[in-house]
Each structure stands twice: as structure tokens, then as C-alpha cells.
$ cat model25.cif   # mmCIF, C-alpha atoms and all ligand atoms
data_model
#
loop_
_atom_site.group_PDB
_atom_site.id
_atom_site.type_symbol
_atom_site.label_atom_id
_atom_site.label_comp_id
_atom_site.auth_asym_id
_atom_site.auth_seq_id
_atom_site.Cartn_x
_atom_site.Cartn_y
_atom_site.Cartn_z
ATOM 1 C CA MET A 1 9.001 -103.609 118.171
ATOM 2 C CA ALA A 2 12.026 -101.964 116.447
ATOM 3 C CA PRO A 3 15.250 -102.135 118.477
ATOM 4 C CA SER A 4 16.307 -98.862 120.144
ATOM 5 C CA PRO A 5 19.470 -97.284 118.665
ATOM 6 C CA SER A 6 21.516 -98.113 121.758
ATOM 7 C CA SER A 7 20.609 -101.817 121.516
ATOM 8 C CA ARG A 8 22.478 -101.905 118.174
ATOM 9 C CA LEU A 9 25.526 -100.305 119.777
ATOM 10 C CA HIS A 10 28.073 -101.774 122.146
ATOM 11 C CA ALA A 11 30.292 -99.495 124.268
ATOM 12 C CA ALA A 12 33.332 -100.724 126.192
ATOM 13 C CA ARG A 13 36.493 -99.397 127.770
ATOM 14 C CA ILE A 14 39.544 -99.578 125.505
ATOM 15 C CA ALA A 15 41.901 -102.081 127.107
ATOM 16 C CA THR A 16 44.302 -103.130 124.338
ATOM 17 C CA LEU A 17 46.626 -101.495 121.810
ATOM 18 C CA GLU A 18 44.497 -102.983 119.014
ATOM 19 C CA GLU A 19 41.359 -101.262 120.341
ATOM 20 C CA MET A 20 43.340 -98.030 120.779
ATOM 21 C CA ALA A 21 44.390 -98.269 117.120
ATOM 22 C CA ASP A 22 40.699 -98.625 116.122
ATOM 23 C CA ALA A 23 39.851 -95.469 118.107
ATOM 24 C CA LEU A 24 42.758 -93.516 116.623
ATOM 25 C CA GLU A 25 41.666 -94.532 113.122
ATOM 26 C CA ILE A 26 38.172 -93.124 113.807
ATOM 27 C CA ARG A 27 39.751 -89.924 115.171
ATOM 28 C CA ARG A 28 42.099 -89.684 112.174
ATOM 29 C CA ARG A 29 39.161 -89.875 109.764
ATOM 30 C CA VAL A 30 37.059 -87.371 111.719
ATOM 31 C CA PHE A 31 39.506 -84.802 113.082
ATOM 32 C CA ILE A 32 42.500 -84.992 110.714
ATOM 33 C CA ASP A 33 40.889 -85.899 107.362
ATOM 34 C CA GLU A 34 37.499 -84.187 107.794
ATOM 35 C CA GLN A 35 38.246 -81.244 110.103
ATOM 36 C CA HIS A 36 41.924 -80.715 109.100
ATOM 37 C CA VAL A 37 43.270 -80.709 112.660
ATOM 38 C CA PRO A 38 47.086 -81.135 112.502
ATOM 39 C CA GLU A 39 48.097 -84.668 113.510
ATOM 40 C CA ASP A 40 50.596 -83.432 116.121
ATOM 41 C CA GLU A 41 47.765 -81.561 117.889
ATOM 42 C CA GLU A 42 45.254 -84.412 117.592
ATOM 43 C CA ILE A 43 47.321 -87.197 119.180
ATOM 44 C CA ASP A 44 48.855 -86.585 122.603
ATOM 45 C CA GLN A 45 50.287 -88.266 125.689
ATOM 46 C CA TYR A 46 46.891 -89.687 126.707
ATOM 47 C CA ASP A 47 46.676 -91.795 123.535
ATOM 48 C CA GLY A 48 49.329 -94.422 124.256
ATOM 49 C CA ASP A 49 49.125 -98.037 125.431
ATOM 50 C CA PRO A 50 45.967 -98.188 127.608
ATOM 51 C CA THR A 51 47.638 -100.667 129.966
ATOM 52 C CA VAL A 52 50.307 -98.030 130.723
ATOM 53 C CA VAL A 53 48.716 -94.578 130.354
ATOM 54 C CA GLU A 54 47.173 -93.352 133.590
ATOM 55 C CA ARG A 55 44.578 -90.630 134.133
ATOM 56 C CA ALA A 56 42.771 -91.346 130.821
ATOM 57 C CA VAL A 57 39.902 -93.728 130.001
ATOM 58 C CA HIS A 58 38.939 -94.256 126.358
ATOM 59 C CA VAL A 59 35.699 -95.792 125.096
ATOM 60 C CA LEU A 60 35.032 -97.532 121.781
ATOM 61 C CA VAL A 61 31.526 -98.032 120.379
ATOM 62 C CA HIS A 62 30.920 -100.890 117.946
ATOM 63 C CA LEU A 63 27.897 -101.756 115.919
ATOM 64 C CA ALA A 64 26.455 -104.924 117.423
ATOM 65 C CA GLY A 65 27.441 -107.863 115.223
ATOM 66 C CA GLN A 66 26.170 -111.406 114.989
ATOM 67 C CA ASP A 67 28.033 -114.697 115.243
ATOM 68 C CA SER A 68 26.719 -118.201 115.944
ATOM 69 C CA GLU A 69 26.325 -117.144 119.577
ATOM 70 C CA GLY A 70 24.744 -113.846 118.569
ATOM 71 C CA ASP A 71 27.175 -111.560 120.369
ATOM 72 C CA ALA A 72 30.138 -110.731 118.123
ATOM 73 C CA GLU A 73 31.307 -107.123 117.834
ATOM 74 C CA GLY A 74 30.772 -105.352 114.518
ATOM 75 C CA GLU A 75 32.494 -102.317 113.029
ATOM 76 C CA PRO A 76 33.955 -99.718 115.444
ATOM 77 C CA ILE A 77 32.184 -96.421 114.702
ATOM 78 C CA ALA A 78 32.679 -93.999 117.597
ATOM 79 C CA THR A 79 35.043 -93.078 120.395
ATOM 80 C CA GLY A 80 35.784 -90.534 123.117
ATOM 81 C CA ARG A 81 37.959 -90.157 126.194
ATOM 82 C CA LEU A 82 37.749 -89.077 129.828
ATOM 83 C CA LEU A 83 40.733 -87.265 131.353
ATOM 84 C CA LEU A 84 41.242 -87.447 135.106
ATOM 85 C CA ASP A 85 44.225 -85.105 135.589
ATOM 86 C CA ASP A 86 42.398 -82.582 137.750
ATOM 87 C CA PRO A 87 41.945 -83.207 141.484
ATOM 88 C CA PRO A 88 39.153 -85.723 142.264
ATOM 89 C CA GLU A 89 36.803 -83.060 143.659
ATOM 90 C CA GLN A 90 36.814 -81.281 140.284
ATOM 91 C CA ARG A 91 34.873 -82.112 137.152
ATOM 92 C CA ALA A 92 36.497 -84.645 134.818
ATOM 93 C CA HIS A 93 37.223 -83.662 131.210
ATOM 94 C CA ILE A 94 35.643 -85.371 128.174
ATOM 95 C CA GLY A 95 37.260 -84.892 124.777
ATOM 96 C CA ARG A 96 37.967 -86.350 121.331
ATOM 97 C CA VAL A 97 34.299 -87.387 120.896
ATOM 98 C CA ALA A 98 34.053 -88.643 117.320
ATOM 99 C CA VAL A 99 31.491 -90.611 115.316
ATOM 100 C CA LEU A 100 32.240 -91.732 111.743
ATOM 101 C CA ALA A 101 30.325 -89.434 109.366
ATOM 102 C CA GLU A 102 28.186 -92.221 107.895
ATOM 103 C CA HIS A 103 26.976 -93.256 111.373
ATOM 104 C CA ARG A 104 26.008 -89.836 112.776
ATOM 105 C CA ARG A 105 22.546 -89.002 114.088
ATOM 106 C CA THR A 106 21.934 -92.637 115.041
ATOM 107 C CA GLY A 107 22.628 -92.261 118.768
ATOM 108 C CA ALA A 108 26.313 -93.281 118.803
ATOM 109 C CA GLY A 109 27.554 -89.924 120.113
ATOM 110 C CA ARG A 110 25.059 -90.088 122.971
ATOM 111 C CA VAL A 111 26.236 -93.630 123.819
ATOM 112 C CA VAL A 112 29.863 -92.385 123.967
ATOM 113 C CA MET A 113 28.900 -89.509 126.269
ATOM 114 C CA GLN A 114 26.686 -91.583 128.563
ATOM 115 C CA TRP A 115 29.385 -94.238 128.953
ATOM 116 C CA LEU A 116 32.085 -91.648 129.815
ATOM 117 C CA GLN A 117 29.756 -89.752 132.160
ATOM 118 C CA ALA A 118 28.907 -92.986 133.991
ATOM 119 C CA GLU A 119 32.625 -93.733 134.322
ATOM 120 C CA ALA A 120 33.257 -90.267 135.812
ATOM 121 C CA GLN A 121 30.359 -90.749 138.237
ATOM 122 C CA ARG A 122 31.664 -94.185 139.214
ATOM 123 C CA ARG A 123 34.962 -92.489 140.106
ATOM 124 C CA GLY A 124 33.173 -89.982 142.323
ATOM 125 C CA ARG A 125 33.592 -86.973 140.045
ATOM 126 C CA PRO A 126 31.006 -84.181 140.527
ATOM 127 C CA GLY A 127 30.504 -83.533 136.811
ATOM 128 C CA ILE A 128 32.069 -83.051 133.403
ATOM 129 C CA THR A 129 33.666 -80.124 131.617
ATOM 130 C CA LEU A 130 34.483 -80.068 127.903
ATOM 131 C CA SER A 131 35.404 -77.679 125.110
ATOM 132 C CA ALA A 132 32.695 -77.908 122.478
ATOM 133 C CA GLN A 133 33.092 -77.028 118.843
ATOM 134 C CA LEU A 134 30.314 -74.508 118.171
ATOM 135 C CA HIS A 135 28.534 -76.776 115.673
ATOM 136 C CA ALA A 136 28.328 -79.532 118.326
ATOM 137 C CA MET A 137 26.846 -77.364 121.092
ATOM 138 C CA PRO A 138 23.221 -78.474 120.427
ATOM 139 C CA PHE A 139 24.381 -82.100 120.793
ATOM 140 C CA TYR A 140 25.852 -81.359 124.236
ATOM 141 C CA GLU A 141 22.889 -79.174 125.241
ATOM 142 C CA ARG A 142 20.603 -82.153 124.606
ATOM 143 C CA LEU A 143 22.687 -84.049 127.166
ATOM 144 C CA GLY A 144 22.227 -81.279 129.753
ATOM 145 C CA TYR A 145 25.434 -79.276 129.291
ATOM 146 C CA THR A 146 25.479 -75.466 129.660
ATOM 147 C CA ALA A 147 27.944 -73.073 128.014
ATOM 148 C CA ARG A 148 30.453 -71.004 129.972
ATOM 149 C CA GLY A 149 32.681 -68.114 128.863
ATOM 150 C CA ASP A 150 33.573 -66.712 125.490
ATOM 151 C CA ILE A 151 34.311 -68.353 122.152
ATOM 152 C CA PHE A 152 37.970 -69.341 121.711
ATOM 153 C CA LEU A 153 40.046 -70.946 118.958
ATOM 154 C CA ASP A 154 41.610 -74.395 119.339
ATOM 155 C CA ALA A 155 43.221 -75.999 116.246
ATOM 156 C CA ASN A 156 41.719 -73.018 114.407
ATOM 157 C CA ILE A 157 38.171 -74.224 115.248
ATOM 158 C CA GLU A 158 35.782 -72.115 117.347
ATOM 159 C CA HIS A 159 34.953 -73.615 120.751
ATOM 160 C CA ARG A 160 33.186 -72.801 124.020
ATOM 161 C CA TRP A 161 33.523 -74.448 127.405
ATOM 162 C CA MET A 162 30.476 -76.448 128.505
ATOM 163 C CA ASP A 163 29.755 -78.055 131.880
ATOM 164 C CA LEU A 164 27.482 -80.727 133.308
ATOM 165 C CA ASP A 165 27.035 -81.239 137.051
ATOM 166 C CA PHE A 166 25.757 -84.609 138.264
ATOM 167 C CA ALA A 167 23.073 -84.804 140.954
HETATM 168 C C1 LIG B 1 29.040 -84.174 117.466
HETATM 169 C C2 LIG B 1 28.884 -85.677 117.227
HETATM 170 C C3 LIG B 1 29.811 -86.432 118.184
HETATM 171 C C4 LIG B 1 27.426 -86.072 117.515
HETATM 172 O O1 LIG B 1 27.328 -87.486 117.403
HETATM 173 P P1 LIG B 1 26.012 -88.220 116.815
HETATM 174 O O2 LIG B 1 26.218 -89.683 116.939
HETATM 175 O O3 LIG B 1 25.692 -87.676 115.478
HETATM 176 O O4 LIG B 1 24.895 -87.721 117.860
HETATM 177 P P2 LIG B 1 23.593 -88.552 118.340
HETATM 178 O O5 LIG B 1 22.998 -89.238 117.161
HETATM 179 O O6 LIG B 1 23.930 -89.388 119.504
HETATM 180 O O7 LIG B 1 22.657 -87.337 118.783
HETATM 181 C C5 LIG B 1 22.126 -87.144 120.103
HETATM 182 C C6 LIG B 1 21.145 -85.978 120.031
HETATM 183 O O8 LIG B 1 21.841 -84.784 119.635
HETATM 184 C C7 LIG B 1 21.284 -84.280 118.398
HETATM 185 N N1 LIG B 1 22.393 -83.788 117.591
HETATM 186 C C8 LIG B 1 23.517 -84.457 117.234
HETATM 187 N N2 LIG B 1 24.312 -83.669 116.493
HETATM 188 C C9 LIG B 1 23.679 -82.471 116.395
HETATM 189 C C10 LIG B 1 24.006 -81.240 115.763
HETATM 190 N N3 LIG B 1 25.162 -81.078 115.083
HETATM 191 N N4 LIG B 1 23.112 -80.223 115.843
HETATM 192 C C11 LIG B 1 21.942 -80.371 116.505
HETATM 193 N N5 LIG B 1 21.591 -81.530 117.157
HETATM 194 C C12 LIG B 1 22.460 -82.548 117.088
HETATM 195 C C13 LIG B 1 20.606 -85.468 117.756
HETATM 196 O O9 LIG B 1 19.589 -85.061 116.871
HETATM 197 C C14 LIG B 1 20.050 -86.197 118.978
HETATM 198 O O10 LIG B 1 18.882 -85.514 119.414
HETATM 199 P P3 LIG B 1 17.665 -86.245 120.205
HETATM 200 O O11 LIG B 1 18.072 -86.160 121.655
HETATM 201 O O12 LIG B 1 16.489 -85.435 119.886
HETATM 202 O O13 LIG B 1 17.585 -87.657 119.704
HETATM 203 C C15 LIG B 1 29.193 -86.049 115.737
HETATM 204 O O14 LIG B 1 28.458 -85.179 114.902
HETATM 205 C C16 LIG B 1 30.664 -85.963 115.353
HETATM 206 O O15 LIG B 1 31.436 -86.899 115.560
HETATM 207 N N6 LIG B 1 31.074 -84.810 114.736
HETATM 208 C C17 LIG B 1 32.446 -84.646 114.263
HETATM 209 C C18 LIG B 1 33.439 -84.588 115.415
HETATM 210 C C19 LIG B 1 33.105 -83.499 116.388
HETATM 211 O O16 LIG B 1 32.839 -82.365 116.002
HETATM 212 N N7 LIG B 1 33.124 -83.856 117.679
HETATM 213 C C20 LIG B 1 32.803 -82.952 118.738
HETATM 214 C C21 LIG B 1 33.986 -82.142 119.083
HETATM 215 S S1 LIG B 1 33.579 -80.962 120.373
#

$ encode --input "model25.cif" --output "C-alpha cells" --more "lines below"
Ligand SMILES: CC(C)(COP(=O)(O)OP(=O)(O)OC[C@H]1O[C@@H](n2cnc3c(N)ncnc32)[C@H](O)[C@@H]1OP(=O)(O)O)[C@@H](O)C(=O)NCCC(=O)NCCS
Amino acid sequence: MAPSPSSRLHAARIATLEEMADALEIRRRVFIDEQHVPEDEEIDQYDGDPTVVERAVHVLVHLAGQDSEGDAEGEPIATGRLLLDDPPEQRAHIGRVAVLAEHRRTGAGRVVMQWLQAEAQRRGRPGITLSAQLHAMPFYERLGYTARGDIFLDANIEHRWMDLDFA
């Protein structure tokens, strides 16, 4: 039987500066190079040393690699982050979801979202809120999110708020 997409992908919390640099390189290629978001808007206070920054959890998705033990990590291809600034009874915020262009539509974005959603649930959050670029709304709808409010501009890109409630 062919392996499922997620069995080729490995998601883990970013715990080191080196892993953070891998995530920021993915975000640079996607948001700054491809979507022309200004660098000073793309990187913010949540993107520092993961051993120091509080209230943010970042995830990095690698292609599964192979070594003699069969479990090495391959190329990092996708990332995203969960922000926990709001009070614990409120939905957590997912943002900066990015998959390298050559690896899209292979399930990596879903793996990022499911990992971050599970982390929010583990922390007792009731759901997720996010601002979706309009082109990405069908991706979030497939994960159960519903749109709220009007279209607004962020970094000159059209967005809408979308929510998911657990339970
Ligand atoms: C949006 C993005 C994260 C989606 O990641 P991805 O890895 O391509 O998505 P997946 O392969 O996991 O897709 C999951 C499902 O959503 C669907 N989907 C993904 N992107 C879609 C799109 N643009 N339009 C319609 N459906 C889409 C897939 O077909 C798949 O459907 P399925 O449930 O029938 O299998 C990716 O396109 C990306 O990084 N874009 C650039 C950065 C960006 O815009 N980020 C979002 C900012 S709000």
C-alpha cells in the first residue's frame, strides 16, 4: 500500500535557534520573496529564541528522511505558529502558515494545522482564530473553519477572520 502523505512528513515543536532559522527561511521564501510582504511586518517579537520567547509555539514540518536507523529528518518544508497572548478561555491564534511552493498540495499545510490545533487543545483552549488570505480560505474551510466579518487588508493582502471551535 502507498504511504499516506502524513507518514512522509514529520512535525515537531521548534525548540532551538537553528530550527527557528529553518522556519524563518521558509517564511522568507513564501511571504517576503513570493508574496512581497515587507520584512519588518513579517518578522515580529514572537520569532526570537524559542527557549526565551513566551506565549508562542512554532512548528516545523520536515520530509521524512532515511539514515542507517531509518529515522533521520529530511528537508524542512513547512511551518506555522500558535500565539497564546489572549486569556486562556479564548481561542488561540494560528498564523504564519507557510509551505514551500514546490511542496504544496501534498498534505503539509494540513499537518501544520493539525499539529498546532492539537497543541492548543492540549493547553485547554476552546478553539482557534486566524486571519486567512482570501486565496487560502478553501484550505481552512476543509479543516472546518468558518469565516467571520468583512474583508480587510493586512500587508496589502486581502484577508478575512476565520474560526474553529473544538468539541
Ligand atoms: C495555504 C497553504 C498553507 C496550503 O498548504 P498545502 O500544503 O498546499 O495544503 P494541503 O496539501 O495540506 O491541503 C489540504 C486540503 O486543502 C486543499 N487546498 C489547499 N490549498 C488550497 C487552495 N488554495 N484552494 C483550494 N483548496 C486548497 C487541498 O486540496 C486539500 O484538500 P483535501 O482535504 O481534499 O485533500 C499553502 O498553499 C501556502 O503555504 N501558501 C502560501 C502561504 C499562505 O498563503 N499561507 C496562508 C496565509 S493565511

$ atom_distance --input "model25.cif" --atom1 "atom CA of Glu34 of chain A" --atom2 "atom CA of Ala120 of chain A"
29.0 Å

$ closest_atom_pairs --input "model25.cif" --of "chain A" --to "ligand LIG 1 (chain B)" --cutoff "9 Å" --atoms "only C-alpha atoms and all ligand atoms" --output "Markdown table"
| residue | atom | partner | partner_atom | distance |
| --- | --- | --- | --- | --- |
| A:Pro5 | CA | B:LIG1 | O5 | 8.9 |
| A:Arg27 | CA | B:LIG1 | C18 | 8.3 |
| A:Val30 | CA | B:LIG1 | C18 | 5.9 |
| A:Phe31 | CA | B:LIG1 | C18 | 6.5 |
| A:Glu34 | CA | B:LIG1 | C17 | 8.2 |
| A:Gln35 | CA | B:LIG1 | C18 | 7.9 |
| A:Ala78 | CA | B:LIG1 | O15 | 7.5 |
| A:Thr79 | CA | B:LIG1 | O15 | 8.6 |
| A:Gly80 | CA | B:LIG1 | C3 | 8.8 |
| A:Gly95 | CA | B:LIG1 | S1 | 7.0 |
| A:Arg96 | CA | B:LIG1 | C21 | 6.2 |
| A:Val97 | CA | B:LIG1 | N7 | 4.9 |
| A:Ala98 | CA | B:LIG1 | O15 | 3.6 |
| A:Val99 | CA | B:LIG1 | O15 | 3.7 |
| A:Leu100 | CA | B:LIG1 | O15 | 6.2 |
| A:Ala101 | CA | B:LIG1 | O15 | 6.8 |
| A:His103 | CA | B:LIG1 | O2 | 6.7 |
| A:Arg104 | CA | B:LIG1 | O3 | 3.5 |
| A:Arg105 | CA | B:LIG1 | O5 | 3.1 |
| A:Thr106 | CA | B:LIG1 | O5 | 4.1 |
| A:Gly107 | CA | B:LIG1 | O6 | 3.2 |
| A:Ala108 | CA | B:LIG1 | O2 | 4.1 |
| A:Gly109 | CA | B:LIG1 | O2 | 3.5 |
| A:Arg110 | CA | B:LIG1 | O6 | 3.7 |
| A:Val111 | CA | B:LIG1 | O6 | 6.5 |
| A:Val112 | CA | B:LIG1 | O6 | 8.0 |
| A:Met113 | CA | B:LIG1 | O6 | 8.4 |
| A:Leu130 | CA | B:LIG1 | S1 | 7.6 |
| A:Ser131 | CA | B:LIG1 | S1 | 6.0 |
| A:Ala132 | CA | B:LIG1 | S1 | 3.8 |
| A:Gln133 | CA | B:LIG1 | S1 | 4.2 |
| A:Leu134 | CA | B:LIG1 | S1 | 7.6 |
| A:His135 | CA | B:LIG1 | N3 | 5.5 |
| A:Ala136 | CA | B:LIG1 | C1 | 4.8 |
| A:Met137 | CA | B:LIG1 | N4 | 7.0 |
| A:Pro138 | CA | B:LIG1 | C11 | 4.5 |
| A:Phe139 | CA | B:LIG1 | O8 | 3.9 |
| A:Tyr140 | CA | B:LIG1 | O8 | 7.0 |
| A:Glu141 | CA | B:LIG1 | O8 | 8.0 |
| A:Arg142 | CA | B:LIG1 | O11 | 5.6 |
| A:Leu143 | CA | B:LIG1 | O11 | 7.5 |
| A:His159 | CA | B:LIG1 | S1 | 7.5 |
| A:Arg160 | CA | B:LIG1 | S1 | 8.9 |

$ write_last_selection --input "model25.cif" --atoms "C-alpha atoms" --output "CSV table (one decimal), in the frame of the given file"
chain,number,residue,atom,x,y,z
A,5,PRO,CA,19.5,-97.3,118.7
A,27,ARG,CA,39.8,-89.9,115.2
A,30,VAL,CA,37.1,-87.4,111.7
A,31,PHE,CA,39.5,-84.8,113.1
A,34,GLU,CA,37.5,-84.2,107.8
A,35,GLN,CA,38.2,-81.2,110.1
A,78,ALA,CA,32.7,-94.0,117.6
A,79,THR,CA,35.0,-93.1,120.4
A,80,GLY,CA,35.8,-90.5,123.1
A,95,GLY,CA,37.3,-84.9,124.8
A,96,ARG,CA,38.0,-86.4,121.3
A,97,VAL,CA,34.3,-87.4,120.9
A,98,ALA,CA,34.1,-88.6,117.3
A,99,VAL,CA,31.5,-90.6,115.3
A,100,LEU,CA,32.2,-91.7,111.7
A,101,ALA,CA,30.3,-89.4,109.4
A,103,HIS,CA,27.0,-93.3,111.4
A,104,ARG,CA,26.0,-89.8,112.8
A,105,ARG,CA,22.5,-89.0,114.1
A,106,THR,CA,21.9,-92.6,115.0
A,107,GLY,CA,22.6,-92.3,118.8
A,108,ALA,CA,26.3,-93.3,118.8
A,109,GLY,CA,27.6,-89.9,120.1
A,110,ARG,CA,25.1,-90.1,123.0
A,111,VAL,CA,26.2,-93.6,123.8
A,112,VAL,CA,29.9,-92.4,124.0
A,113,MET,CA,28.9,-89.5,126.3
A,130,LEU,CA,34.5,-80.1,127.9
A,131,SER,CA,35.4,-77.7,125.1
A,132,ALA,CA,32.7,-77.9,122.5
A,133,GLN,CA,33.1,-77.0,118.8
A,134,LEU,CA,30.3,-74.5,118.2
A,135,HIS,CA,28.5,-76.8,115.7
A,136,ALA,CA,28.3,-79.5,118.3
A,137,MET,CA,26.8,-77.4,121.1
A,138,PRO,CA,23.2,-78.5,120.4
A,139,PHE,CA,24.4,-82.1,120.8
A,140,TYR,CA,25.9,-81.4,124.2
A,141,GLU,CA,22.9,-79.2,125.2
A,142,ARG,CA,20.6,-82.2,124.6
A,143,LEU,CA,22.7,-84.0,127.2
A,159,HIS,CA,35.0,-73.6,120.8
A,160,ARG,CA,33.2,-72.8,124.0

$ closest_residue --input "model25.cif" --among "A:Arg55, A:Arg13, A:Arg91, A:Arg148" --to "Gly127 of chain A" --atoms "all atoms listed in the file"
A:Arg91

$ closest_residue --input "model25.cif" --among "A:Val57, A:Met162, A:Ile14, A:Ile151" --to "Leu84 of chain A" --atoms "only C-alpha atoms"
A:Val57

$ atom_distance --input "model25.cif" --atom1 "atom CA of Asp40 of chain A" --atom2 "atom CA of Ala12 of chain A"
26.4 Å

$ decode --input "model25.cif" --residues "segment 53-97 of chain A" --atoms "C-alpha atoms" --output "CSV table (one decimal), in the first residue's frame"
chain,number,residue,atom,x,y,z
A,53,VAL,CA,10.0,33.7,23.8
A,54,GLU,CA,6.8,33.0,25.8
A,55,ARG,CA,3.3,32.8,24.5
A,56,ALA,CA,4.3,31.4,21.1
A,57,VAL,CA,4.7,27.8,19.9
A,58,HIS,CA,6.2,27.2,16.4
A,59,VAL,CA,6.1,24.0,14.5
A,60,LEU,CA,8.4,22.8,11.7
A,61,VAL,CA,7.5,20.0,9.3
A,62,HIS,CA,10.3,18.0,7.6
A,63,LEU,CA,10.1,15.5,4.9
A,64,ALA,CA,10.9,12.1,6.5
A,65,GLY,CA,14.5,11.2,5.7
A,66,GLN,CA,16.4,7.9,5.9
A,67,ASP,CA,19.6,7.1,7.7
A,68,SER,CA,21.0,3.7,8.8
A,69,GLU,CA,18.4,3.7,11.6
A,70,GLY,CA,15.7,4.8,9.2
A,71,ASP,CA,14.6,7.9,11.1
A,72,ALA,CA,16.7,10.9,10.1
A,73,GLU,CA,14.9,14.2,9.3
A,74,GLY,CA,14.9,15.4,5.7
A,75,GLU,CA,14.4,18.9,4.3
A,76,PRO,CA,12.2,21.4,6.3
A,77,ILE,CA,9.3,22.3,4.1
A,78,ALA,CA,6.5,23.9,6.2
A,79,THR,CA,5.9,25.9,9.3
A,80,GLY,CA,3.3,27.8,11.4
A,81,ARG,CA,2.9,29.3,14.8
A,82,LEU,CA,0.4,29.4,17.7
A,83,LEU,CA,0.0,32.6,19.7
A,84,LEU,CA,-1.3,32.3,23.2
A,85,ASP,CA,-1.5,36.0,24.2
A,86,ASP,CA,-5.2,36.1,24.7
A,87,PRO,CA,-6.7,34.8,28.0
A,88,PRO,CA,-6.9,31.0,28.3
A,89,GLU,CA,-10.6,30.9,27.9
A,90,GLN,CA,-10.4,32.5,24.5
A,91,ARG,CA,-9.4,30.9,21.2
A,92,ALA,CA,-5.7,30.7,20.4
A,93,HIS,CA,-4.4,32.4,17.2
A,94,ILE,CA,-2.7,30.5,14.4
A,95,GLY,CA,-0.6,32.4,11.9
A,96,ARG,CA,2.4,32.4,9.5
A,97,VAL,CA,1.3,29.1,8.0
